[in-house]
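So this one's coords_28.pdb, PDB, C-alpha atoms:
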```
ATOM      1  CA  MET K1004     196.327 121.109 201.813  1.00  0.00           C
ATOM      2  CA  VAL K1005     200.133 121.071 201.818  1.00  0.00           C
ATOM      3  CA  GLN K1006     201.655 123.801 199.670  1.00  0.00           C
ATOM      4  CA  LYS K1007     204.490 122.655 197.431  1.00  0.00           C
ATOM      5  CA  MET K1008     207.915 124.175 197.850  1.00  0.00           C
ATOM      6  CA  SER K1009     209.317 126.442 195.144  1.00  0.00           C
ATOM      7  CA  PHE K1010     211.463 124.913 192.420  1.00  0.00           C
ATOM      8  CA  GLU K1011     214.553 126.669 193.792  1.00  0.00           C
ATOM      9  CA  SER K1012     213.968 125.256 197.276  1.00  0.00           C
ATOM     10  CA  TYR K1013     214.155 121.771 195.745  1.00  0.00           C
ATOM     11  CA  LEU K1014     217.375 122.605 193.888  1.00  0.00           C
ATOM     12  CA  LEU K1015     219.549 125.049 195.847  1.00  0.00           C
ATOM     13  CA  GLY K1016     222.041 123.660 198.338  1.00  0.00           C
ATOM     14  CA  HIS K1017     225.120 121.515 198.809  1.00  0.00           C
ATOM     15  CA  TRP K1018     224.588 117.868 197.862  1.00  0.00           C
ATOM     16  CA  THR K1019     226.640 114.689 198.298  1.00  0.00           C
ATOM     17  CA  ASN K1020     226.403 111.059 197.233  1.00  0.00           C
ATOM     18  CA  VAL K1021     228.995 109.907 199.783  1.00  0.00           C
ATOM     19  CA  SER K1022     226.707 107.151 201.169  1.00  0.00           C
ATOM     20  CA  GLN K1023     226.113 105.728 197.707  1.00  0.00           C
ATOM     21  CA  ALA K1024     229.810 105.943 196.776  1.00  0.00           C
ATOM     22  CA  GLN K1025     230.900 104.241 199.997  1.00  0.00           C
ATOM     23  CA  SER K1026     228.387 101.417 199.527  1.00  0.00           C
ATOM     24  CA  ASP K1027     229.479 100.759 195.910  1.00  0.00           C
ATOM     25  CA  PRO K1028     232.851 102.454 195.211  1.00  0.00           C
ATOM     26  CA  LEU K1029     233.488 100.511 192.000  1.00  0.00           C
ATOM     27  CA  LEU K1030     230.293 101.848 190.425  1.00  0.00           C
ATOM     28  CA  PHE K1031     230.005 105.369 191.900  1.00  0.00           C
ATOM     29  CA  SER K1032     232.556 108.135 192.425  1.00  0.00           C
ATOM     30  CA  SER K1033     232.123 110.332 195.488  1.00  0.00           C
ATOM     31  CA  VAL K1034     230.725 113.562 194.035  1.00  0.00           C
ATOM     32  CA  GLU K1035     229.297 116.786 195.409  1.00  0.00           C
ATOM     33  CA  LEU K1036     226.976 119.299 193.764  1.00  0.00           C
ATOM     34  CA  VAL K1037     226.538 122.905 194.778  1.00  0.00           C
ATOM     35  CA  TRP K1038     223.625 124.966 193.458  1.00  0.00           C
ATOM     36  CA  ASP K1039     223.665 128.544 194.705  1.00  0.00           C
ATOM     37  CA  ARG K1040     222.514 132.059 193.829  1.00  0.00           C
ATOM     38  CA  ILE K1041     224.923 134.446 192.132  1.00  0.00           C
ATOM     39  CA  PRO K1042     224.362 137.914 190.646  1.00  0.00           C
ATOM     40  CA  GLY K1043     222.174 137.397 187.578  1.00  0.00           C
ATOM     41  CA  GLY K1044     221.011 133.851 188.323  1.00  0.00           C
ATOM     42  CA  LEU K1045     222.241 130.539 189.683  1.00  0.00           C
ATOM     43  CA  ARG K1046     225.502 128.594 189.556  1.00  0.00           C
ATOM     44  CA  SER K1047     225.994 124.845 189.572  1.00  0.00           C
ATOM     45  CA  LYS K1048     229.306 123.190 190.391  1.00  0.00           C
ATOM     46  CA  ASN K1049     230.021 119.470 190.229  1.00  0.00           C
ATOM     47  CA  PHE K1050     233.241 118.181 191.760  1.00  0.00           C
ATOM     48  CA  TYR K1051     234.802 115.049 193.169  1.00  0.00           C
ATOM     49  CA  ARG K1052     234.784 115.094 196.957  1.00  0.00           C
ATOM     50  CA  LYS K1053     238.601 114.956 197.080  1.00  0.00           C
ATOM     51  CA  THR K1054     239.027 117.970 194.746  1.00  0.00           C
ATOM     52  CA  PRO K1055     236.494 120.644 195.787  1.00  0.00           C
ATOM     53  CA  ASN K1056     238.498 123.475 194.207  1.00  0.00           C
ATOM     54  CA  SER K1057     238.618 121.761 190.801  1.00  0.00           C
ATOM     55  CA  PRO K1058     235.049 121.322 189.539  1.00  0.00           C
ATOM     56  CA  TYR K1059     234.676 119.075 186.532  1.00  0.00           C
ATOM     57  CA  ARG K1060     231.558 121.020 185.540  1.00  0.00           C
ATOM     58  CA  GLU K1061     230.532 124.563 186.367  1.00  0.00           C
ATOM     59  CA  ARG K1062     227.655 126.395 184.700  1.00  0.00           C
ATOM     60  CA  TYR K1063     225.467 129.428 185.203  1.00  0.00           C
ATOM     61  CA  HIS K1064     221.690 129.239 184.914  1.00  0.00           C
ATOM     62  CA  LYS K1065     218.516 131.267 184.792  1.00  0.00           C
ATOM     63  CA  ILE K1066     215.117 129.923 185.773  1.00  0.00           C
ATOM     64  CA  ASN K1067     212.245 130.440 183.348  1.00  0.00           C
ATOM     65  CA  GLN K1068     208.988 129.695 185.204  1.00  0.00           C
ATOM     66  CA  VAL K1069     206.623 128.515 182.439  1.00  0.00           C
ATOM     67  CA  SER K1070     203.770 127.594 184.822  1.00  0.00           C
ATOM     68  CA  ASP K1071     203.239 126.387 188.396  1.00  0.00           C
ATOM     69  CA  THR K1072     204.285 122.907 187.282  1.00  0.00           C
ATOM     70  CA  LYS K1073     206.779 123.586 184.489  1.00  0.00           C
ATOM     71  CA  VAL K1074     210.216 125.238 184.655  1.00  0.00           C
ATOM     72  CA  ILE K1075     212.983 125.612 182.108  1.00  0.00           C
ATOM     73  CA  VAL K1076     216.504 125.869 183.494  1.00  0.00           C
ATOM     74  CA  GLU K1077     218.437 127.901 180.943  1.00  0.00           C
ATOM     75  CA  ASN K1078     222.132 127.018 180.664  1.00  0.00           C
ATOM     76  CA  TYR K1079     225.054 129.405 180.258  1.00  0.00           C
ATOM     77  CA  HIS K1080     228.830 129.094 180.270  1.00  0.00           C
ATOM     78  CA  THR K1081     230.596 130.855 183.161  1.00  0.00           C
ATOM     79  CA  ASP K1082     231.087 133.955 180.992  1.00  0.00           C
ATOM     80  CA  TRP K1083     227.278 134.115 180.591  1.00  0.00           C
ATOM     81  CA  THR K1084     227.338 133.066 176.925  1.00  0.00           C
ATOM     82  CA  ARG K1085     224.218 131.074 176.168  1.00  0.00           C
ATOM     83  CA  SER K1086     224.239 127.298 175.859  1.00  0.00           C
ATOM     84  CA  GLU K1087     220.588 126.931 174.878  1.00  0.00           C
ATOM     85  CA  ASN K1088     220.937 123.435 173.401  1.00  0.00           C
ATOM     86  CA  CYS K1089     221.559 122.198 176.955  1.00  0.00           C
ATOM     87  CA  ASP K1090     218.503 123.741 178.630  1.00  0.00           C
ATOM     88  CA  MET K1091     216.526 121.393 180.872  1.00  0.00           C
ATOM     89  CA  MET K1092     212.765 121.264 181.288  1.00  0.00           C
ATOM     90  CA  PHE K1093     211.370 120.246 184.677  1.00  0.00           C
ATOM     91  CA  VAL K1094     207.789 119.187 185.328  1.00  0.00           C
ATOM     92  CA  TYR K1095     206.282 118.876 188.807  1.00  0.00           C
ATOM     93  CA  ASN K1096     204.196 115.718 189.261  1.00  0.00           C
ATOM     94  CA  GLY K1097     202.760 116.534 192.685  1.00  0.00           C
ATOM     95  CA  GLU K1098     205.693 115.041 194.617  1.00  0.00           C
ATOM     96  CA  GLN K1099     208.893 115.813 192.710  1.00  0.00           C
ATOM     97  CA  TRP K1100     210.348 117.832 189.849  1.00  0.00           C
ATOM     98  CA  ILE K1101     211.459 115.623 186.938  1.00  0.00           C
ATOM     99  CA  GLY K1102     213.773 117.164 184.359  1.00  0.00           C
ATOM    100  CA  SER K1103     215.672 116.309 181.215  1.00  0.00           C
ATOM    101  CA  VAL K1104     217.601 118.062 178.471  1.00  0.00           C
ATOM    102  CA  VAL K1105     215.270 119.629 175.919  1.00  0.00           C
ATOM    103  CA  GLY K1106     215.853 117.919 172.563  1.00  0.00           C
ATOM    104  CA  ASP K1107     218.972 116.009 171.553  1.00  0.00           C
ATOM    105  CA  SER K1108     221.329 118.822 170.485  1.00  0.00           C
ATOM    106  CA  CYS K1109     223.329 119.235 173.701  1.00  0.00           C
ATOM    107  CA  ILE K1110     226.969 118.569 172.850  1.00  0.00           C
ATOM    108  CA  SER K1111     229.721 118.201 175.464  1.00  0.00           C
ATOM    109  CA  SER K1112     233.125 119.864 175.230  1.00  0.00           C
ATOM    110  CA  ASP K1113     234.509 116.556 173.953  1.00  0.00           C
ATOM    111  CA  GLY K1114     232.007 116.556 171.054  1.00  0.00           C
ATOM    112  CA  ASN K1115     229.567 113.961 172.369  1.00  0.00           C
ATOM    113  CA  ARG K1116     225.776 114.191 172.526  1.00  0.00           C
ATOM    114  CA  VAL K1117     224.640 114.625 176.130  1.00  0.00           C
ATOM    115  CA  HIS K1118     221.625 112.977 177.711  1.00  0.00           C
ATOM    116  CA  SER K1119     220.859 114.234 181.205  1.00  0.00           C
ATOM    117  CA  GLU K1120     218.020 113.588 183.659  1.00  0.00           C
ATOM    118  CA  MET K1121     217.357 114.920 187.166  1.00  0.00           C
ATOM    119  CA  LYS K1122     214.736 114.187 189.781  1.00  0.00           C
ATOM    120  CA  LEU K1123     214.368 116.675 192.636  1.00  0.00           C
ATOM    121  CA  PHE K1124     212.683 115.335 195.770  1.00  0.00           C
ATOM    122  CA  GLY K1125     213.356 118.211 198.215  1.00  0.00           C
ATOM    123  CA  SER K1126     215.943 116.463 200.376  1.00  0.00           C
ATOM    124  CA  LYS K1127     217.344 114.290 197.571  1.00  0.00           C
ATOM    125  CA  ILE K1128     218.469 114.710 193.977  1.00  0.00           C
ATOM    126  CA  HIS K1129     218.919 111.818 191.568  1.00  0.00           C
ATOM    127  CA  THR K1130     220.904 112.494 188.378  1.00  0.00           C
ATOM    128  CA  CYS K1131     221.938 110.465 185.384  1.00  0.00           C
ATOM    129  CA  ASP K1132     224.278 111.960 182.770  1.00  0.00           C
ATOM    130  CA  GLN K1133     225.553 110.185 179.680  1.00  0.00           C
ATOM    131  CA  GLY K1134     227.622 111.040 176.625  1.00  0.00           C
ATOM    132  CA  TYR K1135     227.063 109.313 173.261  1.00  0.00           C
ATOM    133  CA  ASP K1136     229.344 109.247 170.231  1.00  0.00           C
ATOM    134  CA  SER K1137     228.135 109.798 166.657  1.00  0.00           C
ATOM    135  CA  GLU K1138     227.308 106.092 166.336  1.00  0.00           C
ATOM    136  CA  GLY K1139     225.064 106.125 169.412  1.00  0.00           C
ATOM    137  CA  ASN K1140     227.471 104.340 171.771  1.00  0.00           C
ATOM    138  CA  MET K1141     227.510 105.519 175.385  1.00  0.00           C
ATOM    139  CA  ILE K1142     231.124 106.496 176.043  1.00  0.00           C
ATOM    140  CA  TRP K1143     230.846 108.215 179.421  1.00  0.00           C
ATOM    141  CA  GLY K1144     228.356 108.443 182.231  1.00  0.00           C
ATOM    142  CA  SER K1145     226.275 105.910 184.066  1.00  0.00           C
ATOM    143  CA  LYS K1146     223.107 103.961 183.366  1.00  0.00           C
ATOM    144  CA  ASN K1147     222.455 104.073 187.103  1.00  0.00           C
ATOM    145  CA  PRO K1148     221.438 107.339 188.770  1.00  0.00           C
ATOM    146  CA  TYR K1149     223.726 109.118 191.184  1.00  0.00           C
ATOM    147  CA  LYS K1150     221.740 109.647 194.403  1.00  0.00           C
ATOM    148  CA  PHE K1151     222.526 112.812 196.324  1.00  0.00           C
ATOM    149  CA  LYS K1152     221.380 113.932 199.772  1.00  0.00           C
ATOM    150  CA  ARG K1153     221.371 117.518 200.914  1.00  0.00           C
ATOM    151  CA  MET K1154     224.326 118.010 203.248  1.00  0.00           C
ATOM    152  CA  GLY K1155     223.435 118.758 206.845  1.00  0.00           C
ATOM    153  CA  GLU K1156     220.191 116.776 206.771  1.00  0.00           C
TER     154      GLU K1156
END
```
Show me this structure written as structure tokens.
Amino acid sequence: MVQKMSFESYLLGHWTNVSQAQSDPLLFSSVELVWDRIPGGLRSKNFYRKTPNSPYRERYHKINQVSDTKVIVENYHTDWTRSENCDMMFVYNGEQWIGSVVGDSCISSDGNRVHSEMKLFGSKIHTCDQGYDSEGNMIWGSKNPYKFKRMGE
């Protein structure tokens, strides 16, 4: 029997979607994600490949292991103030961790409701983030997932 990797081993690392962006540059920006350990928890940084020192999103996180197959990723601002309306729940289905924002109360800095999904495959991450206005219109994000590969693999 193959033992599954820990949730963090699926998540931590430096990720890029450069192949996807190069194959369809009109639909996908070239983005990198970094998930790493910091004192007190984890940090995520999202940035455009051309501007690595200017992340467009940076958050701190703590992992709450609910069970062997369920994890809640708690969200914090970079000053460690809680952003609980943007927590994500991940469930392991035997092959991958599938996560989404818990509830529909996550609000972006521009005042829009956030819908976010992630699938963690071990050597790949697929994400789809969207922002909706008060009338339910998608005003930012993509209907198509961004497909990241772990750098160096």
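Counting all atoms listed in the file and comparing K:Gln1025, K:Ser1111, K:Asn1096, K:Ser1103, the residue that lies closest to His1080 (chain K) is K:Ser1111.
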Could you name the residues that touch Ser1047 (chain K) at 12 Å or less, counting all atoms listed in the file, but leaving out those on the same chain fewer than 6 positions away, as a compact mmCIF listing (two decimals) with C-alpha atoms, in the coordinates of the input?
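Now in out.txt:
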```txt
# COMPACT_ATOMS: atom_id res chain seq x y z
CA LEU K 1014 217.38 122.60 193.89
CA LEU K 1015 219.55 125.05 195.85
CA GLY K 1016 222.04 123.66 198.34
CA HIS K 1017 225.12 121.52 198.81
CA TRP K 1018 224.59 117.87 197.86
CA GLU K 1035 229.30 116.79 195.41
CA LEU K 1036 226.98 119.30 193.76
CA VAL K 1037 226.54 122.90 194.78
CA TRP K 1038 223.62 124.97 193.46
CA ASP K 1039 223.66 128.54 194.70
CA ARG K 1040 222.51 132.06 193.83
CA ILE K 1041 224.92 134.45 192.13
CA PRO K 1058 235.05 121.32 189.54
CA TYR K 1059 234.68 119.08 186.53
CA ARG K 1060 231.56 121.02 185.54
CA GLU K 1061 230.53 124.56 186.37
CA ARG K 1062 227.66 126.40 184.70
CA TYR K 1063 225.47 129.43 185.20
CA HIS K 1064 221.69 129.24 184.91
CA LYS K 1065 218.52 131.27 184.79
CA VAL K 1076 216.50 125.87 183.49
CA GLU K 1077 218.44 127.90 180.94
CA ASN K 1078 222.13 127.02 180.66
CA TYR K 1079 225.05 129.40 180.26
CA HIS K 1080 228.83 129.09 180.27
CA THR K 1081 230.60 130.85 183.16
```
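Between CA of Ser1022 (chain K) and CA of Asn1049 (chain K) the separation is 16.8 Å.
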| For the file shown, what are the residues hit by the PyMOL selection byres ((chain K and resi 1114) around 12), laid out as an NGL selection string? | :K and (1108-1113 or 1115-1117 or 1134-1137 or 1142-1143)
| field | Residues in the PyMOL selection byres ((chain K and resi 1099) around 7), expressed as a list in words | value |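 With the PyMOL selection byres ((chain K and resi 1099) around 7) on this model, the match is Tyr1095, Asn1096, Gly1097, Glu1098, Trp1100, Ile1101, Lys1122, Leu1123 and Phe1124 of chain K.
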| note | Closest of K:Lys1127, K:Ser1086, K:Ser1026, K:Ile1075 to Ser1012 (chain K), counting all atoms listed in the file, is K:Lys1127
Write out as an mmCIF file with C-alpha atoms, keeping the file's coordinate frame each polymer residue whose atoms come within 8 Å of Asp1132 (chain K), counting only C-alpha atoms; drop sequence neighbours fewer than 4 positions from it.
```
data_model
loop_
_atom_site.group_PDB
_atom_site.id
_atom_site.type_symbol
_atom_site.label_atom_id
_atom_site.label_comp_id
_atom_site.auth_asym_id
_atom_site.auth_seq_id
_atom_site.Cartn_x
_atom_site.Cartn_y
_atom_site.Cartn_z
ATOM 1 C CA VAL K 1117 224.640 114.625 176.130
ATOM 2 C CA HIS K 1118 221.625 112.977 177.711
ATOM 3 C CA SER K 1119 220.859 114.234 181.205
ATOM 4 C CA GLU K 1120 218.020 113.588 183.659
ATOM 5 C CA GLY K 1144 228.356 108.443 182.231
ATOM 6 C CA SER K 1145 226.275 105.910 184.066
#
```
| query | So what do you get for CA of Arg1085 (chain K) versus CA of Arg1046 (chain K), distance-wise? | reply |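 CA of Arg1046 (chain K) lies at a distance of 13.7 Å from CA of Arg1085 (chain K).
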| Please, what distance in Å, to one decimal, runs between CA of Glu1138 (chain K) and CA of Phe1050 (chain K)? | 28.8 Å
| When distances are computed from all atoms listed in the file, which of K:Ile1066, K:Cys1089, K:Val1021, K:Met1121 shows the smallest separation from Asp1107 (chain K)? | K:Cys1089
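Close contacts of Asn1020 (chain K), defined as residues with an atom at most 10 Å away when counting only C-alpha atoms, with chain neighbours fewer than 3 positions off set aside, comprise Gln1023, Ala1024, Gln1025, Phe1031, Ser1032, Ser1033, Val1034, Glu1035, Leu1036, Arg1052, Lys1127, Ile1128, His1129, Tyr1149, Lys1150, Phe1151, Lys1152, Arg1153 and Met1154 of chain K.
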Around all listed atoms of region 1071-1076 of chain K, padded 8 Å per side, what centre and edge lengths does the axis-aligned box have in Å to one decimal, as AutoDock Vina command-line options?
```
--center_x 209.9 --center_y 124.6 --center_z 185.3 --size_x 29.3 --size_y 19.5 --size_z 22.3
```
| task | Tell me which protein, DNA and RNA residues are within 10 Å of Lys1146 (chain K), counting only C-alpha atoms, leaving out same-chain ones fewer than 5 positions away, and put them as a ChimeraX atom specification. | result | /K:1131-1133,1141
| said: Ranking K:Pro1055, K:Ser1070, K:Phe1010, K:Glu1087 by minimum distance to Gly1102 (chain K) and counting only C-alpha atoms, which one comes first? | reply: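 Smallest separation from Gly1102 (chain K) among the options: K:Phe1010.
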